[in-house]
>>> print(open('target15.csv').read())   # CSV, C-alpha atoms and all ligand atoms
chain,number,residue,atom,x,y,z
A,1,MET,CA,13.7,7.6,2.3
A,2,SER,CA,13.8,4.3,0.6
A,3,LEU,CA,11.1,2.5,-1.2
A,4,LEU,CA,9.2,0.5,1.1
A,5,PHE,CA,6.6,-1.5,-0.7
A,6,LEU,CA,6.8,-5.1,0.3
A,7,ARG,CA,6.8,-6.9,-2.9
A,8,GLU,CA,6.2,-10.5,-2.9
A,9,ARG,CA,6.6,-13.1,-5.5
A,10,GLY,CA,3.5,-13.0,-7.6
A,11,GLY,CA,3.2,-9.3,-7.5
A,12,MET,CA,1.4,-8.8,-4.2
A,13,MET,CA,2.3,-5.7,-2.3
A,14,LYS,CA,0.9,-3.9,0.7
A,15,VAL,CA,1.8,-0.7,2.3
A,16,TYR,CA,0.8,1.0,5.5
A,17,VAL,CA,0.0,4.7,5.2
A,18,CYS,CA,-1.5,7.5,7.3
A,19,SER,CA,-4.7,9.1,6.2
A,20,GLN,CA,-2.9,11.8,4.3
A,21,HIS,CA,-1.0,9.3,2.1
A,22,VAL,CA,-3.7,6.9,1.2
A,23,ASP,CA,-4.3,8.6,-2.1
A,24,LYS,CA,-0.6,8.5,-2.9
A,25,ALA,CA,-0.3,4.8,-2.1
A,26,MET,CA,-3.4,4.0,-4.2
A,27,ASP,CA,-2.0,6.0,-7.1
A,28,VAL,CA,1.2,3.9,-6.9
A,29,VAL,CA,-0.7,0.6,-6.9
A,30,VAL,CA,-2.9,1.7,-9.8
A,31,ASP,CA,0.1,2.9,-11.7
A,32,GLU,CA,2.3,-0.1,-11.1
A,33,TYR,CA,-0.3,-2.9,-11.2
A,34,GLU,CA,-3.1,-1.4,-13.1
A,35,THR,CA,-5.6,-2.7,-10.6
A,36,PHE,CA,-7.6,-1.0,-8.0
A,37,PRO,CA,-6.2,-1.6,-4.6
A,38,GLU,CA,-8.0,-2.8,-1.5
A,39,PHE,CA,-7.6,-0.7,1.5
A,40,GLU,CA,-8.6,-1.2,5.1
A,41,GLU,CA,-7.8,0.1,8.5
A,42,ALA,CA,-4.3,-0.8,9.6
A,43,ASP,CA,-4.4,-3.8,11.9
A,44,ILE,CA,-0.9,-3.2,13.3
A,45,SER,CA,0.8,-0.2,14.8
A,46,THR,CA,3.4,1.0,12.4
A,47,ASP,CA,4.7,4.1,10.7
A,48,CYS,CA,3.4,5.5,7.4
A,49,GLU,CA,5.5,4.7,4.4
A,50,TYR,CA,5.7,8.3,3.4
A,51,CYS,CA,6.0,10.2,6.6
A,52,GLU,CA,6.5,9.6,10.3
A,53,ASP,CA,2.9,9.5,11.4
A,54,ASN,CA,1.2,6.4,12.5
A,55,ALA,CA,-0.3,4.4,9.7
A,56,ALA,CA,-4.0,4.4,9.7
A,57,TYR,CA,-4.6,2.3,6.6
A,58,MET,CA,-3.2,-0.7,4.8
A,59,VAL,CA,-3.3,-0.5,1.1
A,60,ALA,CA,-2.8,-3.7,-0.8
A,61,ASN,CA,-2.9,-4.9,-4.3
A,62,THR,CA,-5.0,-8.0,-4.3
A,63,GLY,CA,-5.2,-8.4,-8.0
A,64,SER,CA,-4.0,-11.7,-9.2
A,65,SER,CA,-1.8,-11.6,-12.2
A,66,THR,CA,-3.2,-14.8,-13.4
A,67,LYS,CA,-6.2,-14.0,-15.5
B,101,ZN,ZN,1.9,9.7,5.8
>>> encode(input="target15.csv", output="structure tokens")
Amino acid sequence: MSLLFLRERGGMMKVYVCSQHVDKAMDVVVDEYETFPEFEEADISTDCEYCEDNAAYMVANTGSSTK
């Protein structure tokens, strides 16, 4: 499985995950960006980044790197 975070210029990322993998996705965001992620119910139908279940949540780093 490849890495699937959608990284955009400016450091934004978001990832769709199932309910089992929300914690994992949040850990990754905290680890990589040192900011607490925003998470909300998935607004599209897609697969979890970490397994083949339907994604239930969208986890995003909303922290701006410009402080
Ligand atoms: Zn999953």
>>> residues_near_ligand(input="target15.csv", ligand="ligand ZN 101 (chain B)", cutoff="12 Å", atoms="only C-alpha atoms and all ligand atoms", output="MDAnalysis selection string")
chainID A and resid 15:25 46:58
>>> closest_residue(input="target15.csv", among="A:Phe36, A:Lys14, A:Val28, A:Ile44", to="Val59 in chain A", atoms="all atoms listed in the file")
A:Lys14
>>> atom_distance(input="target15.csv", atom1="CA of Ala42 in chain A", atom2="CA of Asp27 in chain A")
18.2 Å
>>> atom_distance(input="target15.csv", atom1="CA of Thr62 in chain A", atom2="CA of Glu32 in chain A")
12.7 Å
